[in-house]
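**Student:** Here it is: the structure, laid out below.
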Amino acid sequence: MSDSNSHWEVGTDIGGTFTDIIAIRRDSNEARIAKVPSRPQAPVQAMLEAIEAVGLRKSEVKRFVHGTTRVTNAIVEGRLPKVALVATEGFADVLEIARYRRRDLYRLDIPPKSPPLVPPERCFGLAERLDHEGRVLKALEDAEIERLVAWLKQTGVQSVAVALLHAYANPAHEKMLGERLKDVVAHVSLSHEVNPEAREYERTSATVFNAAAMPIAVEYLSELEQRLPIGPGLQVFHSAGAMVPISAVKQRPLVMAMSGPAAGVSASVSIARQLGTSRMLTFDMGGTTTDVCLIVDGQAEMTDGRMLGDKPLRQPMLAVHSIGAGGGSIVRNGPGGLTVGPESAGSEPGPVCYGRGGLEPTITDANAVLGYLNSQTKLGERIGIDIEAAKRVIAPIAHTLGLSLTETALGIIKVANATMARALRRVTVERGIDGRDCTLLAFGGGGPMHAAGLADLYGIAQVVVPSASSAFSALGCLTADFSFLQQQTLRAALDGIDLARVSERIGTLIDDASAPLIANGVVKAEIQVELVALMRYAAQNDAIPVPFALPLDEAKLKKNFLTRHHELFGYATSEPCVIESVRVQARRPSTTVVSRPATVARAVSSGKRICSFDGLHETETAIIDRAALAEIVSGPAIIEDAWSTVVVPPGWQARPDAAGNLFLTRRAA
């Protein structure tokens with residue numbers, strides 16, 4: 001155990017299969033990592049078990065940051081509490097109308113749209129109206145509010161979403177409702193706080209998602225505060241790539257969506273800057289999903305939202321693309337051949353080779369059959385690998401296909417790699433980037449096993465496996481900046497812009513973004529502010545991000561917009577352009593320093609193991625302890641630590657650096 005007076009900072013990432021943890025001692029930069037099985041029904045308990053797994057008592061933890069997919073999973077799986085929607089009269093059916101597009105253009109046997117997030121009987125039309133500039137056309141009267149209160153009491157819901165027309169331009173009516181409803185229902189979600197932007201359907205959808213997530217988040221975060229009472233030291237990672245205080249998250253739990261994958265990207269940004277890599281692809285393969293993101297010149301790509309469960313989730317977040325292909329993804333042999341995912345064995349029961357009751361074959365089982373996983377040791381001293389069980393569960397597929405076990409296992413790996421290669425194309429080719437020019441950063445429990453094979457398939461020349469790769473997202477929770485982000489519709493034509501009005505609006509946004517940091521003890525002088533204008537031509541629909549600084553220089557901003565537009569689309573014109581929205585991020589830069597983490601020593605019974613890399617031939621393969629690796633190793637080789645396995649196939653080599661990173665490259669012919 002550690003000295004009870006020591007100051008430990010802890011980062012955790014709650015995945016679908018494992019909860020990862022990294023703990024850093026503030027006075028010495030000592031670091032420890034571990035994993036424990038996730039507990040979907042008791043996530044707080046899993047986090048406390050993770051603290052014990054690194055040999056700490058709760059009293060030793062002074063700062064605790066975590067990322068989680070809890071909100072995301074609830075949305076995707078449709079496990080959301082009942083919500084009521086309050087909209088402007090005549091617009092209560094906005095969710096039912098949605099966007100005029102089919103879910104599948106050529107499938108006439110399925111409904112064109114999924115059911116609305118809120119059924120019509122729980123939607124209320126409120127007699128009030130603003131115009132697009134926020135001017136009051138019909139005032140909100142007390143009698144109308146009382147009518148709403150009576151209706152809400154009849155519905156019996158505990159959470160209500162309020163999304164009034166043009167509330168992003170003037171939130172006065174929403175603020176009135178928020179004040180009056182706080183004693184009527186337990187949770188109130190206001191659109192001007194969740195997504196103060198134009199696009200009525202997307203803003204309403206985000207507000208409803210936030211309202212539905214509030215009971216889940218408040219219950220779980222309150223339990224965490226009670227069982228780990230460390231005050232402001234308790235923080236949550238958010239989807240835009242930084243950490244925020246719990247008090248802010250309780251009002252806007254939607255910021256937790258995709259927070260786990262975002263934490264891994266945040267740590268990747270630090271690696272990209274340290275290595276001076278201009279273009280990097282993150283490859284985070286966990287137990288349930290694989291998440292990829294593009295980093296250019298030390299900055300991760302951002303997006304204004306994404307689709308979750310066929311519904312838009314609109315808020316600024318890192319542009320992480322997720323697919324249902326993780327180590328626990330279930331393998332099936334259907335009419336079209338082998339498929340992997342999106343269903344996952346999760347942590348309970350997990351892959352068959354974990355010996356925890358799994359019955360269906362997974363990607364991890366295929367890796368076990370090929371000899372990549374060590375059957376002589378337990379993962380993190382907890383989970384053993386049963387190779388024979390993996391062979392038994394893959395045997396029926398092999399028999400059906402008329403192939404050997406190793407040929408079938410290699411086929412599963414190739415299908416998984418092809419699926420992941422498509423994800424890489426989504427974040428490169430579709431953004432005008434040649435992915436072959438990128439460095440692949442592989443982490444997560446399965447990333448280092450698949451990295452070289454994926455790089456071969458995609459044409460990438462170099463792979464980096466960072467130190468603490470298996471708990472890299474947990475590391476990102478600790479090394480990220482303390483930050484909060486606001487984005488709001490502005491709609492200001494650049495020609496003839498009212499600089500005083502625009503500067504005042506931006507100043508208000510800066511104050512709003514800084515307020516949560518100041519409330520948690522950050523000195524205002526320590527806060528850095530980043531400004532981005534979302535710009536478009538007057539006749540365009542979508543905007544592109546253009547950084548700027550105050551005082552606003554409209555000529556310079558227009559020049560930068562034209563340059564960026566030409567980079568993205570190959571042309572730029574002299575047409576009038578508009579600032580659609582402004583994004584403000586207030587941050588206090590991180591001061592956390594991480595040394596090479598200490599992991600559980602892995603006892604290797606022998607220096608070699610039989611593996612298969614082509615599905616036909618068995619190869620005697622060198623097994624190397626990653627902690628002891630000090631020189632270049634040529635494949636075939638397996639490099640192991642307590643929680644991670646790095647596969648170096650024939651034709652590849654691995655080189656360590658002083659920080660514990662591994663660089664995988666193809667050997668010269």
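Residues are named by chain letter and number: chains run A, B, ... in the order of the structure tokens, numbers start at 1 in each chain, and ligands are numbered from 1 in the order shown.
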Using DSSP secondary structure from the backbone, list all helix (DSSP H, G or I) positions within region 376-533 of chain A, as a ChimeraX atom specification.

**Tutor:** /A:387-401,405-427,429-431,435-437,447-458,469-479,499-519,524-526

**Student:** Just list as a count of residues only whatever in region 494-565 of chain A DSSP marks as strand (DSSP E).

**Tutor:** 15

**Student:** Interatomic distance between CA of Val463 (chain A) and CA of Thr479 (chain A)?

**Tutor:**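 Distance reported for this atom pair: 22.0 Å.
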
**Student:** Name all residues at most 6 Å from Val532 (chain A) (count only C-alpha atoms; drop same-chain ones fewer than 3 positions away) and give them as JSON, numbers by chain.

**Tutor:** {"A": [546, 547, 548, 582, 583]}

**Student:** Residues as selected, N, CA, C and O atoms, written as an mmCIF file, in the first residue's frame, can you do that?

**Tutor:**
```cif
data_model
loop_
_atom_site.group_PDB
_atom_site.id
_atom_site.type_symbol
_atom_site.label_atom_id
_atom_site.label_comp_id
_atom_site.auth_asym_id
_atom_site.auth_seq_id
_atom_site.Cartn_x
_atom_site.Cartn_y
_atom_site.Cartn_z
ATOM 1 N N VAL A 546 -13.489 27.851 -38.670
ATOM 2 C CA VAL A 546 -12.357 28.741 -38.953
ATOM 3 C C VAL A 546 -11.927 29.395 -37.638
ATOM 4 O O VAL A 546 -12.680 30.189 -37.065
ATOM 5 N N PRO A 547 -10.740 29.101 -37.122
ATOM 6 C CA PRO A 547 -10.280 29.727 -35.871
ATOM 7 C C PRO A 547 -10.076 31.230 -36.049
ATOM 8 O O PRO A 547 -9.749 31.712 -37.139
ATOM 9 N N PHE A 548 -10.273 31.981 -34.959
ATOM 10 C CA PHE A 548 -10.022 33.423 -34.986
ATOM 11 C C PHE A 548 -9.665 33.892 -33.585
ATOM 12 O O PHE A 548 -9.705 33.120 -32.622
ATOM 13 N N VAL A 582 -20.675 30.484 -33.359
ATOM 14 C CA VAL A 582 -19.362 30.689 -32.732
ATOM 15 C C VAL A 582 -19.177 29.616 -31.669
ATOM 16 O O VAL A 582 -20.078 29.348 -30.869
ATOM 17 N N ARG A 583 -17.996 28.994 -31.677
ATOM 18 C CA ARG A 583 -17.644 27.972 -30.686
ATOM 19 C C ARG A 583 -16.565 28.543 -29.773
ATOM 20 O O ARG A 583 -15.541 29.042 -30.240
#
```

**Student:** Got a sec: who's within 9 Å of region 643-650 of chain A, counting only C-alpha atoms, leaving out chain neighbours fewer than 6 positions off, as a JSON list (two decimals) with all heavy atoms, in the first residue's frame?

**Tutor:**
```
[["chain", "number", "residue", "atom", "x", "y", "z"],
["A", 34, "ALA", "N", -4.25, -0.91, -14.28],
["A", 34, "ALA", "CA", -4.92, -2.20, -14.07],
["A", 34, "ALA", "C", -6.23, -2.20, -14.84],
["A", 34, "ALA", "O", -6.65, -1.17, -15.38],
["A", 34, "ALA", "CB", -5.16, -2.45, -12.58],
["A", 35, "LYS", "N", -6.87, -3.35, -14.87],
["A", 35, "LYS", "CA", -8.20, -3.51, -15.46],
["A", 35, "LYS", "C", -9.03, -4.38, -14.53],
["A", 35, "LYS", "O", -8.49, -5.26, -13.86],
["A", 35, "LYS", "CB", -8.13, -4.21, -16.83],
["A", 35, "LYS", "CG", -7.63, -3.39, -17.99],
["A", 35, "LYS", "CD", -7.56, -4.25, -19.24],
["A", 35, "LYS", "CE", -7.08, -3.48, -20.44],
["A", 35, "LYS", "NZ", -8.18, -2.78, -21.11],
["A", 372, "TYR", "N", -1.95, -16.19, -30.41],
["A", 372, "TYR", "CA", -1.46, -14.86, -30.05],
["A", 372, "TYR", "C", -1.61, -14.57, -28.55],
["A", 372, "TYR", "O", -0.91, -13.71, -28.02],
["A", 372, "TYR", "CB", -2.20, -13.77, -30.84],
["A", 372, "TYR", "CG", -2.10, -13.90, -32.34],
["A", 372, "TYR", "CD1", -3.03, -13.30, -33.19],
["A", 372, "TYR", "CD2", -1.08, -14.64, -32.93],
["A", 372, "TYR", "CE1", -2.95, -13.42, -34.56],
["A", 372, "TYR", "CE2", -0.98, -14.77, -34.31],
["A", 372, "TYR", "CZ", -1.93, -14.15, -35.13],
["A", 372, "TYR", "OH", -1.85, -14.27, -36.50],
["A", 373, "LEU", "N", -2.51, -15.27, -27.87],
["A", 373, "LEU", "CA", -2.75, -15.04, -26.45],
["A", 373, "LEU", "C", -2.09, -16.12, -25.62],
["A", 373, "LEU", "O", -2.06, -17.29, -25.99],
["A", 373, "LEU", "CB", -4.26, -15.00, -26.16],
["A", 373, "LEU", "CG", -5.04, -13.89, -26.86],
["A", 373, "LEU", "CD1", -6.52, -13.99, -26.56],
["A", 373, "LEU", "CD2", -4.52, -12.52, -26.45],
["A", 374, "ASN", "N", -1.56, -15.73, -24.47],
["A", 374, "ASN", "CA", -0.78, -16.62, -23.61],
["A", 374, "ASN", "C", -1.71, -17.38, -22.66],
["A", 374, "ASN", "O", -2.38, -16.78, -21.82],
["A", 374, "ASN", "CB", 0.23, -15.79, -22.81],
["A", 374, "ASN", "CG", 1.27, -16.65, -22.13],
["A", 374, "ASN", "OD1", 1.05, -17.83, -21.90],
["A", 374, "ASN", "ND2", 2.41, -16.05, -21.81],
["A", 379, "LEU", "N", -4.71, -12.67, -17.32],
["A", 379, "LEU", "CA", -4.71, -11.26, -17.66],
["A", 379, "LEU", "C", -4.90, -10.43, -16.40],
["A", 379, "LEU", "O", -5.94, -10.53, -15.74],
["A", 379, "LEU", "CB", -5.84, -10.96, -18.66],
["A", 379, "LEU", "CG", -5.77, -11.66, -20.02],
["A", 379, "LEU", "CD1", -7.00, -11.35, -20.84],
["A", 379, "LEU", "CD2", -4.52, -11.26, -20.76],
["A", 380, "GLY", "N", -3.88, -9.63, -16.05],
["A", 380, "GLY", "CA", -3.97, -8.83, -14.85],
["A", 380, "GLY", "C", -4.21, -9.65, -13.61],
["A", 380, "GLY", "O", -4.78, -9.16, -12.64],
["A", 443, "PHE", "N", -4.14, 1.27, -29.70],
["A", 443, "PHE", "CA", -4.28, 1.08, -28.27],
["A", 443, "PHE", "C", -5.60, 0.39, -27.98],
["A", 443, "PHE", "O", -6.30, -0.05, -28.89],
["A", 443, "PHE", "CB", -4.16, 2.41, -27.51],
["A", 443, "PHE", "CG", -5.09, 3.50, -27.97],
["A", 443, "PHE", "CD1", -6.28, 3.73, -27.31],
["A", 443, "PHE", "CD2", -4.77, 4.32, -29.05],
["A", 443, "PHE", "CE1", -7.14, 4.75, -27.71],
["A", 443, "PHE", "CE2", -5.62, 5.34, -29.45],
["A", 443, "PHE", "CZ", -6.81, 5.55, -28.79],
["A", 444, "GLY", "N", -5.93, 0.28, -26.70],
["A", 444, "GLY", "CA", -7.07, -0.54, -26.31],
["A", 444, "GLY", "C", -6.61, -1.98, -26.16],
["A", 444, "GLY", "O", -5.48, -2.35, -26.53],
["A", 445, "GLY", "N", -7.48, -2.82, -25.63],
["A", 445, "GLY", "CA", -7.09, -4.21, -25.37],
["A", 445, "GLY", "C", -6.72, -4.98, -26.62],
["A", 445, "GLY", "O", -5.83, -5.83, -26.59],
["A", 446, "GLY", "N", -7.38, -4.69, -27.77],
["A", 446, "GLY", "CA", -7.13, -5.46, -28.98],
["A", 446, "GLY", "C", -6.37, -4.74, -30.07],
["A", 446, "GLY", "O", -5.90, -5.37, -31.01],
["A", 447, "GLY", "N", -6.22, -3.42, -29.96],
["A", 447, "GLY", "CA", -5.56, -2.64, -31.01],
["A", 447, "GLY", "C", -4.18, -3.13, -31.39],
["A", 447, "GLY", "O", -3.89, -3.35, -32.58],
["A", 448, "PRO", "N", -3.26, -3.34, -30.42],
["A", 448, "PRO", "CA", -1.91, -3.79, -30.77],
["A", 448, "PRO", "C", -1.85, -5.17, -31.42],
["A", 448, "PRO", "O", -0.89, -5.47, -32.12],
["A", 448, "PRO", "CB", -1.19, -3.78, -29.41],
["A", 448, "PRO", "CG", -1.94, -2.79, -28.58],
["A", 448, "PRO", "CD", -3.37, -2.97, -28.99],
["A", 449, "MET", "N", -2.87, -6.02, -31.20],
["A", 449, "MET", "CA", -2.88, -7.33, -31.84],
["A", 449, "MET", "C", -3.21, -7.22, -33.32],
["A", 449, "MET", "O", -2.71, -7.99, -34.15],
["A", 449, "MET", "CB", -3.89, -8.25, -31.15],
["A", 449, "MET", "CG", -3.32, -9.04, -30.00],
["A", 449, "MET", "SD", -4.41, -10.39, -29.46],
["A", 449, "MET", "CE", -5.82, -9.50, -28.87],
["A", 450, "HIS", "N", -4.07, -6.28, -33.67],
["A", 450, "HIS", "CA", -4.55, -6.16, -35.04],
["A", 450, "HIS", "C", -3.84, -5.09, -35.85],
["A", 450, "HIS", "O", -4.06, -4.98, -37.05],
["A", 450, "HIS", "CB", -6.06, -5.87, -35.04],
["A", 450, "HIS", "CG", -6.91, -7.02, -34.61],
["A", 450, "HIS", "ND1", -7.66, -7.76, -35.49],
["A", 450, "HIS", "CD2", -7.10, -7.58, -33.39],
["A", 450, "HIS", "CE1", -8.30, -8.72, -34.84],
["A", 450, "HIS", "NE2", -7.98, -8.62, -33.55],
["A", 451, "ALA", "N", -3.00, -4.27, -35.21],
["A", 451, "ALA", "CA", -2.48, -3.07, -35.85],
["A", 451, "ALA", "C", -1.67, -3.36, -37.11],
["A", 451, "ALA", "O", -1.87, -2.74, -38.15],
["A", 451, "ALA", "CB", -1.63, -2.28, -34.84],
["A", 452, "ALA", "N", -0.72, -4.30, -37.02],
["A", 452, "ALA", "CA", 0.13, -4.57, -38.18],
["A", 452, "ALA", "C", -0.68, -5.14, -39.34],
["A", 452, "ALA", "O", -0.49, -4.75, -40.50],
["A", 452, "ALA", "CB", 1.26, -5.53, -37.79],
["A", 453, "GLY", "N", -1.62, -6.05, -39.04],
["A", 453, "GLY", "CA", -2.46, -6.60, -40.09],
["A", 453, "GLY", "C", -3.33, -5.54, -40.74],
["A", 453, "GLY", "O", -3.52, -5.52, -41.97],
["A", 465, "VAL", "N", 2.59, 1.82, -30.89],
["A", 465, "VAL", "CA", 1.84, 1.28, -29.76],
["A", 465, "VAL", "C", 2.34, 2.00, -28.52],
["A", 465, "VAL", "O", 3.48, 1.77, -28.09],
["A", 465, "VAL", "CB", 2.04, -0.25, -29.62],
["A", 465, "VAL", "CG1", 1.23, -0.78, -28.44],
["A", 465, "VAL", "CG2", 1.65, -0.96, -30.90],
["A", 468, "ALA", "N", 1.42, 1.95, -21.85],
["A", 468, "ALA", "CA", 0.10, 1.87, -21.22],
["A", 468, "ALA", "C", -1.01, 1.81, -22.25],
["A", 468, "ALA", "O", -2.09, 2.36, -22.07],
["A", 468, "ALA", "CB", -0.14, 3.05, -20.27],
["A", 469, "SER", "N", -0.75, 1.11, -23.36],
["A", 469, "SER", "CA", -1.71, 1.08, -24.47],
["A", 469, "SER", "C", -3.06, 0.49, -24.06],
["A", 469, "SER", "O", -4.10, 0.90, -24.57],
["A", 469, "SER", "CB", -1.13, 0.29, -25.64],
["A", 469, "SER", "OG", -0.83, -1.04, -25.25],
["A", 470, "SER", "N", -3.06, -0.47, -23.14],
["A", 470, "SER", "CA", -4.32, -1.11, -22.79],
["A", 470, "SER", "C", -5.21, -0.22, -21.94],
["A", 470, "SER", "O", -6.42, -0.45, -21.85],
["A", 470, "SER", "CB", -4.05, -2.43, -22.05],
["A", 470, "SER", "OG", -3.37, -2.18, -20.84],
["A", 471, "ALA", "N", -4.64, 0.79, -21.30],
["A", 471, "ALA", "CA", -5.42, 1.72, -20.47],
["A", 471, "ALA", "C", -5.25, 3.15, -20.97],
["A", 471, "ALA", "O", -5.26, 4.10, -20.20],
["A", 471, "ALA", "CB", -5.00, 1.62, -19.01],
["A", 599, "THR", "N", 3.35, -1.93, -14.60],
["A", 599, "THR", "CA", 2.31, -2.91, -14.82],
["A", 599, "THR", "C", 2.68, -4.20, -14.12],
["A", 599, "THR", "O", 3.81, -4.40, -13.70],
["A", 599, "THR", "CB", 2.11, -3.19, -16.32],
["A", 599, "THR", "OG1", 3.34, -3.70, -16.84],
["A", 599, "THR", "CG2", 1.73, -1.94, -17.07],
["A", 600, "VAL", "N", 1.70, -5.07, -14.00],
["A", 600, "VAL", "CA", 1.95, -6.36, -13.37],
["A", 600, "VAL", "C", 2.96, -7.13, -14.22],
["A", 600, "VAL", "O", 2.81, -7.24, -15.43],
["A", 600, "VAL", "CB", 0.64, -7.16, -13.25],
["A", 600, "VAL", "CG1", 0.90, -8.51, -12.60],
["A", 600, "VAL", "CG2", -0.38, -6.36, -12.46],
["A", 613, "PHE", "N", 0.33, -17.33, -38.76],
["A", 613, "PHE", "CA", 0.14, -15.99, -39.34],
["A", 613, "PHE", "C", -0.48, -16.04, -40.73],
["A", 613, "PHE", "O", -0.89, -15.02, -41.26],
["A", 613, "PHE", "CB", 1.49, -15.26, -39.39],
["A", 613, "PHE", "CG", 2.08, -15.02, -38.04],
["A", 613, "PHE", "CD1", 2.98, -15.91, -37.48],
["A", 613, "PHE", "CD2", 1.72, -13.90, -37.29],
["A", 613, "PHE", "CE1", 3.52, -15.70, -36.22],
["A", 613, "PHE", "CE2", 2.25, -13.68, -36.03],
["A", 613, "PHE", "CZ", 3.15, -14.58, -35.48],
["A", 626, "ARG", "N", 7.51, -7.08, -22.72],
["A", 626, "ARG", "CA", 7.63, -5.70, -23.20],
["A", 626, "ARG", "C", 8.48, -4.83, -22.28],
["A", 626, "ARG", "O", 9.24, -3.98, -22.75],
["A", 626, "ARG", "CB", 6.24, -5.09, -23.37],
["A", 626, "ARG", "CG", 6.27, -3.67, -23.90],
["A", 626, "ARG", "CD", 4.90, -3.16, -24.29],
["A", 626, "ARG", "NE", 4.96, -1.79, -24.76],
["A", 626, "ARG", "CZ", 3.93, -1.13, -25.26],
["A", 626, "ARG", "NH1", 2.76, -1.73, -25.36],
["A", 626, "ARG", "NH2", 4.07, 0.11, -25.67],
["A", 633, "VAL", "N", 13.28, -5.82, -32.56],
["A", 633, "VAL", "CA", 12.86, -7.23, -32.67],
["A", 633, "VAL", "C", 12.21, -7.43, -34.02],
["A", 633, "VAL", "O", 11.34, -6.66, -34.43],
["A", 633, "VAL", "CB", 11.87, -7.59, -31.55],
["A", 633, "VAL", "CG1", 11.29, -8.98, -31.79],
["A", 633, "VAL", "CG2", 12.54, -7.53, -30.20],
["A", 634, "SER", "N", 12.64, -8.48, -34.74],
["A", 634, "SER", "CA", 12.06, -8.80, -36.04],
["A", 634, "SER", "C", 10.99, -9.87, -35.88],
["A", 634, "SER", "O", 11.13, -10.80, -35.08],
["A", 634, "SER", "CB", 13.14, -9.29, -37.00],
["A", 634, "SER", "OG", 14.07, -8.24, -37.27],
["A", 635, "GLY", "N", 9.90, -9.72, -36.66],
["A", 635, "GLY", "CA", 8.84, -10.70, -36.61],
["A", 635, "GLY", "C", 9.20, -11.97, -37.34],
["A", 635, "GLY", "O", 10.14, -11.98, -38.16],
["A", 636, "PRO", "N", 8.54, -13.08, -37.02],
["A", 636, "PRO", "CA", 7.37, -13.12, -36.12],
["A", 636, "PRO", "C", 7.77, -13.07, -34.65],
["A", 636, "PRO", "O", 8.73, -13.70, -34.23],
["A", 636, "PRO", "CB", 6.72, -14.46, -36.47],
["A", 636, "PRO", "CG", 7.86, -15.33, -36.92],
["A", 636, "PRO", "CD", 8.82, -14.41, -37.62],
["A", 637, "ALA", "N", 6.99, -12.28, -33.90],
["A", 637, "ALA", "CA", 7.22, -12.16, -32.46],
["A", 637, "ALA", "C", 5.92, -11.73, -31.79],
["A", 637, "ALA", "O", 5.06, -11.07, -32.41],
["A", 637, "ALA", "CB", 8.33, -11.16, -32.16],
["A", 664, "LEU", "N", 6.30, 0.01, -34.86],
["A", 664, "LEU", "CA", 6.25, -1.15, -35.75],
["A", 664, "LEU", "C", 6.37, -0.67, -37.18],
["A", 664, "LEU", "O", 5.61, 0.23, -37.62],
["A", 664, "LEU", "CB", 4.94, -1.92, -35.57],
["A", 664, "LEU", "CG", 4.86, -2.97, -34.46],
["A", 664, "LEU", "CD1", 5.11, -2.35, -33.09],
["A", 664, "LEU", "CD2", 3.52, -3.68, -34.49],
["A", 666, "ARG", "N", 7.58, -2.05, -41.43],
["A", 666, "ARG", "CA", 7.93, -3.18, -42.29],
["A", 666, "ARG", "C", 9.44, -3.24, -42.44],
["A", 666, "ARG", "O", 10.10, -2.21, -42.58],
["A", 666, "ARG", "CB", 7.28, -3.04, -43.67],
["A", 666, "ARG", "CG", 5.77, -3.14, -43.64],
["A", 666, "ARG", "CD", 5.21, -3.09, -45.07],
["A", 666, "ARG", "NE", 3.75, -3.02, -45.05],
["A", 666, "ARG", "CZ", 3.07, -1.89, -44.95],
["A", 666, "ARG", "NH1", 3.72, -0.75, -44.85],
["A", 666, "ARG", "NH2", 1.75, -1.90, -44.93],
["A", 667, "ARG", "N", 9.98, -4.46, -42.43],
["A", 667, "ARG", "CA", 11.41, -4.63, -42.62],
["A", 667, "ARG", "C", 11.78, -4.37, -44.07],
["A", 667, "ARG", "O", 11.03, -4.69, -45.00],
["A", 667, "ARG", "CB", 11.84, -6.06, -42.27],
["A", 667, "ARG", "CG", 11.94, -6.33, -40.80],
["A", 667, "ARG", "CD", 12.88, -7.50, -40.51],
["A", 667, "ARG", "NE", 12.59, -8.67, -41.33],
["A", 667, "ARG", "CZ", 11.77, -9.64, -40.96],
["A", 667, "ARG", "NH1", 11.15, -9.58, -39.79],
["A", 667, "ARG", "NH2", 11.56, -10.68, -41.74]]
```
